[in-house]
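All remarks here apply to the structure that follows.
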Amino acid sequence: MSMSGHRVSYARVVVLLAAMLAAGCATSPAQSVPRAHVALPTPALNTSLDTPAGAWAAVVMGKSAAQHNAFWQLFFRPVASNSWQLATPPGTADNGGLVLAGSSGHRLVTGFRPSQDLTFSPLIETSDGGRDWFSLSPLDAPLASTPDALAVKPGTGQLLALAAGDTIQATAPGKTGWTTVVSQHALASTPAGRACGLQEFTAATYTPDGIPIIGGTCTRPGTAGIFTVSKGTWQAAGPPIPAALIGQDISVSRLIRTGQGMTALLVAGTGHRARLLAAWSTDAGQLWTVSLPLLLHGAALTTSSFGPRGTAAIITSAGRGEIITRPESSWRPLPPLPPGTATLAPGATGTADALAVDRGTLTVWQLSSAGTAWTRVQVISVPIPYGSSA
């Protein structure tokens, strides 16, 4: 790919963003959220995901987010490669955080959460590992601050988005505009929503068959808030909760399409009683396999990532790393994480890369084959434009 091709794409992005900003200053988008309501991104947006093209990771770098000197960066590791490369889309302010959505092909869509004066979410896509980026119709509301707020429908390229304010929106085939699929209030009023005591949405994605599937937090103990559409109505599609946790409130922390199946992370209980469960489905939520629970020891789940075949890796607020590779296995503790580890990129067999951040430097550490130590394998210097968003 020539540099001239990249400059053409860059120019398209900058021109479109300028036009959107001008329009936003003239008239407020119908579903926009006032600036005061656009919160700083959460550390949970530090994440990685596996796609047929390779692994993608989004991490925040720089300095203070409160002073708008934190900039989210995107990295790509091509399939069959051990090296990561900087792939951050050009031309759009990313202080508010990045949300990633992979497809069944080589396409990756990236959403930008609003920050400062921006009250909508620009969207941009690549199909060549980040060498060229092309703008899509923006979501005229902020994306929710959750890593599963954006999804690509298999085969069609339609998009599904969880917007701040708890509404699910989607693009229609061949259309550039967005329509509301369902709101939290509407779903909470259905029989399935009432049985869960649905409190909020936490994730929105598509099943491998292209059916919307939504995750949320329930207030009815022992109920996992996962919902999908069947015969025109919203139905409960969550996994059964182990008997020992049936009295705990359940929150769907992650819900993502992985290959030809679905993978979910559920948190049962709060405080020192909180436990983490992984769940896998190969039939779009009809049947699930649930892992043994992982006691969080009072810590919170801060970041989570997914690798090939539903492998999951997490980091807690206590700095612990854990990985699980398949339904019949248990959560396995990782050796002490390298300083500054922002997220993990798990492999299919229990391997992992730890992506550690120190301001403008990303250091990649690789887990040894024995799973007992980390080895530094790569250092990437990232130019951070401090003060450019003030």
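Simple scheme: letters A, B, ... for chains in structure tokens order, numbers from 1 for residues in each chain, numbers from 1 for ligands in the order shown.
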(request) Using DSSP on the backbone coordinates, identify all residues within stretch 54-292 of chain A classified as alpha helix (DSSP H); present the result as a list in words. (result) Gln184, His185, Ala186, Leu187, Ala188, Pro191, Ala192, Gly193, Arg194, Ala195 and Cys196 of chain A
File dump, residues just selected, N, CA and C atoms, as a short mmCIF file (atom, residue, chain, number, x, y, z; two decimals), in the first residue's frame:
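Resulting contents of out-v9.cif:
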data_model
loop_
_atom_site.label_atom_id
_atom_site.label_comp_id
_atom_site.auth_asym_id
_atom_site.auth_seq_id
_atom_site.Cartn_x
_atom_site.Cartn_y
_atom_site.Cartn_z
N GLN A 184 -33.71 0.38 27.06
CA GLN A 184 -33.70 -0.39 28.31
C GLN A 184 -35.09 -0.39 28.94
N HIS A 185 -35.76 0.73 28.90
CA HIS A 185 -37.10 0.82 29.49
C HIS A 185 -38.07 -0.13 28.78
N ALA A 186 -37.99 -0.17 27.45
CA ALA A 186 -38.91 -1.04 26.70
C ALA A 186 -38.62 -2.51 26.96
N LEU A 187 -37.35 -2.88 26.97
CA LEU A 187 -37.02 -4.28 27.21
C LEU A 187 -37.33 -4.68 28.65
N ALA A 188 -37.11 -3.75 29.59
CA ALA A 188 -37.41 -4.04 30.99
C ALA A 188 -38.90 -4.27 31.21
N PRO A 191 -41.94 -9.46 29.41
CA PRO A 191 -41.88 -10.55 30.41
C PRO A 191 -40.45 -10.98 30.73
N ALA A 192 -39.60 -11.06 29.70
CA ALA A 192 -38.21 -11.46 29.95
C ALA A 192 -37.47 -10.41 30.77
N GLY A 193 -37.74 -9.13 30.46
CA GLY A 193 -37.08 -8.06 31.21
C GLY A 193 -37.56 -7.98 32.65
N ARG A 194 -38.86 -8.21 32.86
CA ARG A 194 -39.38 -8.18 34.23
C ARG A 194 -38.85 -9.35 35.05
N ALA A 195 -38.70 -10.51 34.42
CA ALA A 195 -38.18 -11.66 35.14
C ALA A 195 -36.74 -11.44 35.59
N CYS A 196 -36.02 -10.63 34.84
CA CYS A 196 -34.63 -10.29 35.19
C CYS A 196 -34.55 -9.10 36.14
#
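If you count only C-alpha atoms and ignore residues fewer than 6 places along the chain from A:Pro173, what sits within 12 Å of it is A:Val152, A:Lys153, A:Gly155, A:Thr156, A:Gly157, A:Gln158, A:Leu159, A:Leu160, A:Thr179.
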(message) Would you pick out the contacts of A:Ala342 at 9 Å or less, using only C-alpha atoms, so that residues sharing its chain but fewer than 2 positions from it are not included, and give the list as a PyMOL selection string?
(response) chain A and resi 43+46-47+59-60+303+315+340+344+354-357
(message) Using only C-alpha atoms, can you tell me which of A:Arg107, A:Thr233, A:Leu362, A:Leu45 comes closest to A:Ser189?
(response)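 Nearest candidate to A:Ser189 out of A:Arg107, A:Thr233, A:Leu362, A:Leu45: A:Thr233.
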(message) Using only C-alpha atoms, can you tell me which of A:Ala141, A:Leu150, A:Ala53, A:Leu86 comes closest to A:Ser127?
(response)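 Between A:Ala141, A:Leu150, A:Ala53, A:Leu86, the residue approaching A:Ser127 most closely is A:Ala53.
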(request) Just list the residues in stretch 16-213 of chain A DSSP gives strand (DSSP E or B) on the backbone, as a PyMOL selection string. (result) chain A and resi 47-51+54-62+70-78+85-86+98-102+108-112+121-126+134-139+143+150-152+159-163+167-171+178-183+198-206+212-213
(message) Just want the 10 Å neighbourhood of stretch 240-244 of chain A, counted on only C-alpha atoms, with same-chain residues fewer than 2 positions away dropped. Output as an MDAnalysis selection string.
(response) chainID A and resid 221:224 237:238 246:248 250 266 268 277 279 287:293
Keeping only C-alpha atoms, write the selected residues to a file as an mmCIF file, in the first residue's frame.
data_model
loop_
_atom_site.group_PDB
_atom_site.id
_atom_site.type_symbol
_atom_site.label_atom_id
_atom_site.label_comp_id
_atom_site.auth_asym_id
_atom_site.auth_seq_id
_atom_site.Cartn_x
_atom_site.Cartn_y
_atom_site.Cartn_z
ATOM 1 C CA PRO A 221 -31.010 -12.696 42.020
ATOM 2 C CA GLY A 222 -29.737 -15.653 40.053
ATOM 3 C CA THR A 223 -30.753 -14.305 36.627
ATOM 4 C CA ALA A 224 -28.251 -13.618 33.844
ATOM 5 C CA ALA A 237 -31.077 -16.226 26.455
ATOM 6 C CA GLY A 238 -28.744 -16.284 29.439
ATOM 7 C CA ILE A 246 -28.446 -18.470 42.714
ATOM 8 C CA GLY A 247 -29.032 -15.887 45.425
ATOM 9 C CA GLN A 248 -26.589 -13.353 43.944
ATOM 10 C CA ILE A 250 -25.772 -11.109 38.170
ATOM 11 C CA LEU A 266 -20.653 -12.697 34.270
ATOM 12 C CA ALA A 268 -22.144 -12.744 40.486
ATOM 13 C CA LEU A 277 -17.960 -16.774 35.511
ATOM 14 C CA ALA A 279 -19.835 -18.824 29.635
ATOM 15 C CA LEU A 287 -27.359 -23.752 25.395
ATOM 16 C CA TRP A 288 -24.429 -22.511 27.451
ATOM 17 C CA THR A 289 -21.447 -24.073 29.170
ATOM 18 C CA VAL A 290 -20.448 -22.212 32.329
ATOM 19 C CA SER A 291 -17.021 -22.244 33.966
ATOM 20 C CA LEU A 292 -16.264 -22.779 37.603
ATOM 21 C CA PRO A 293 -16.482 -19.453 39.471
#
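Shortest atom-to-atom contact with A:Arg309 among A:Met262, A:Met61, A:Ile384, A:Leu143: A:Met262, counting only C-alpha atoms.
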Write out as a compact mmCIF listing (two decimals) with C-alpha atoms, in the first residue's frame the residues lying within 12 Å of A:Trp331, counting only C-alpha atoms and excluding same-chain residues fewer than 6 positions away.
# COMPACT_ATOMS: atom_id res chain seq x y z
CA ARG A 275 -17.24 -14.20 41.63
CA LEU A 276 -16.51 -14.23 37.93
CA LEU A 277 -17.96 -16.77 35.51
CA ALA A 278 -17.13 -17.38 31.86
CA VAL A 290 -20.45 -22.21 32.33
CA SER A 291 -17.02 -22.24 33.97
CA LEU A 292 -16.26 -22.78 37.60
CA PRO A 293 -16.48 -19.45 39.47
CA LEU A 294 -13.41 -17.34 40.13
CA LEU A 295 -13.42 -15.59 43.52
CA LEU A 296 -12.38 -11.97 43.00
CA THR A 311 -10.15 -17.83 25.32
CA ALA A 312 -10.60 -15.06 27.88
CA ALA A 313 -8.12 -13.10 30.01
CA ILE A 314 -8.84 -10.57 32.73
CA ARG A 320 -4.07 -9.96 39.27
CA GLY A 321 -4.20 -11.57 35.85
CA GLU A 322 -6.23 -14.70 35.08
CA ILE A 323 -6.86 -16.71 31.91
CA ILE A 324 -9.27 -19.43 30.87
CA THR A 325 -9.05 -21.36 27.61
CA GLY A 350 -3.00 -20.33 27.42
(message) Which residues are near A:Gly371? Cut-off 8 Å, only C-alpha atoms, ignore same chain within fewer than 2 positions. Put them as a VMD selection string.
(response) chain A and resid 334 to 335 350 to 351 367 to 369 373
I need the chosen residues saved as a PDB file, in the first residue's frame, with C-alpha atoms.
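Ended up saving to result_9.pdb:
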ATOM      1  CA  LEU A 334      -0.880 -15.601  35.647  1.00  0.00           C
ATOM      2  CA  PRO A 335       2.503 -14.669  37.128  1.00  0.00           C
ATOM      3  CA  GLY A 350      -3.001 -20.329  27.420  1.00  0.00           C
ATOM      4  CA  THR A 351      -0.301 -18.079  26.006  1.00  0.00           C
ATOM      5  CA  LEU A 367       4.259 -15.261  28.656  1.00  0.00           C
ATOM      6  CA  SER A 368       6.718 -18.143  28.691  1.00  0.00           C
ATOM      7  CA  SER A 369       5.606 -21.521  27.368  1.00  0.00           C
ATOM      8  CA  ALA A 373       7.387 -15.689  33.638  1.00  0.00           C
TER       9      ALA A 373
END
(request) For atom CA of A:Pro147 and atom CA of A:Ala203, quote the distance in Å rounded to one decimal. (result)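 Atom-to-atom, atom CA of A:Pro147 to atom CA of A:Ala203, that is 7.8 Å.
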(message) List as a PyMOL selection string the protein and nucleic acid residues near stretch 208-218 of chain A, meaning an atom at most 8 Å away when only C-alpha atoms are counted, but skip any in the same chain fewer than 3 places from it.
(response) chain A and resi 153-154+160+196-205+221+223-229+249-255+257+259-262+284
(request) Using only C-alpha atoms, pick whichever of A:Ala170, A:Ala161, A:Ala70, A:Leu245 has the shortest atom-to-atom distance to A:Ala274. (result)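 Once distances to A:Ala274 are computed over only C-alpha atoms, the minimum belongs to A:Leu245.
Taking atom CA of A:Ala144 and atom CA of A:Pro385 as endpoints, the distance between them is 25.1 Å.
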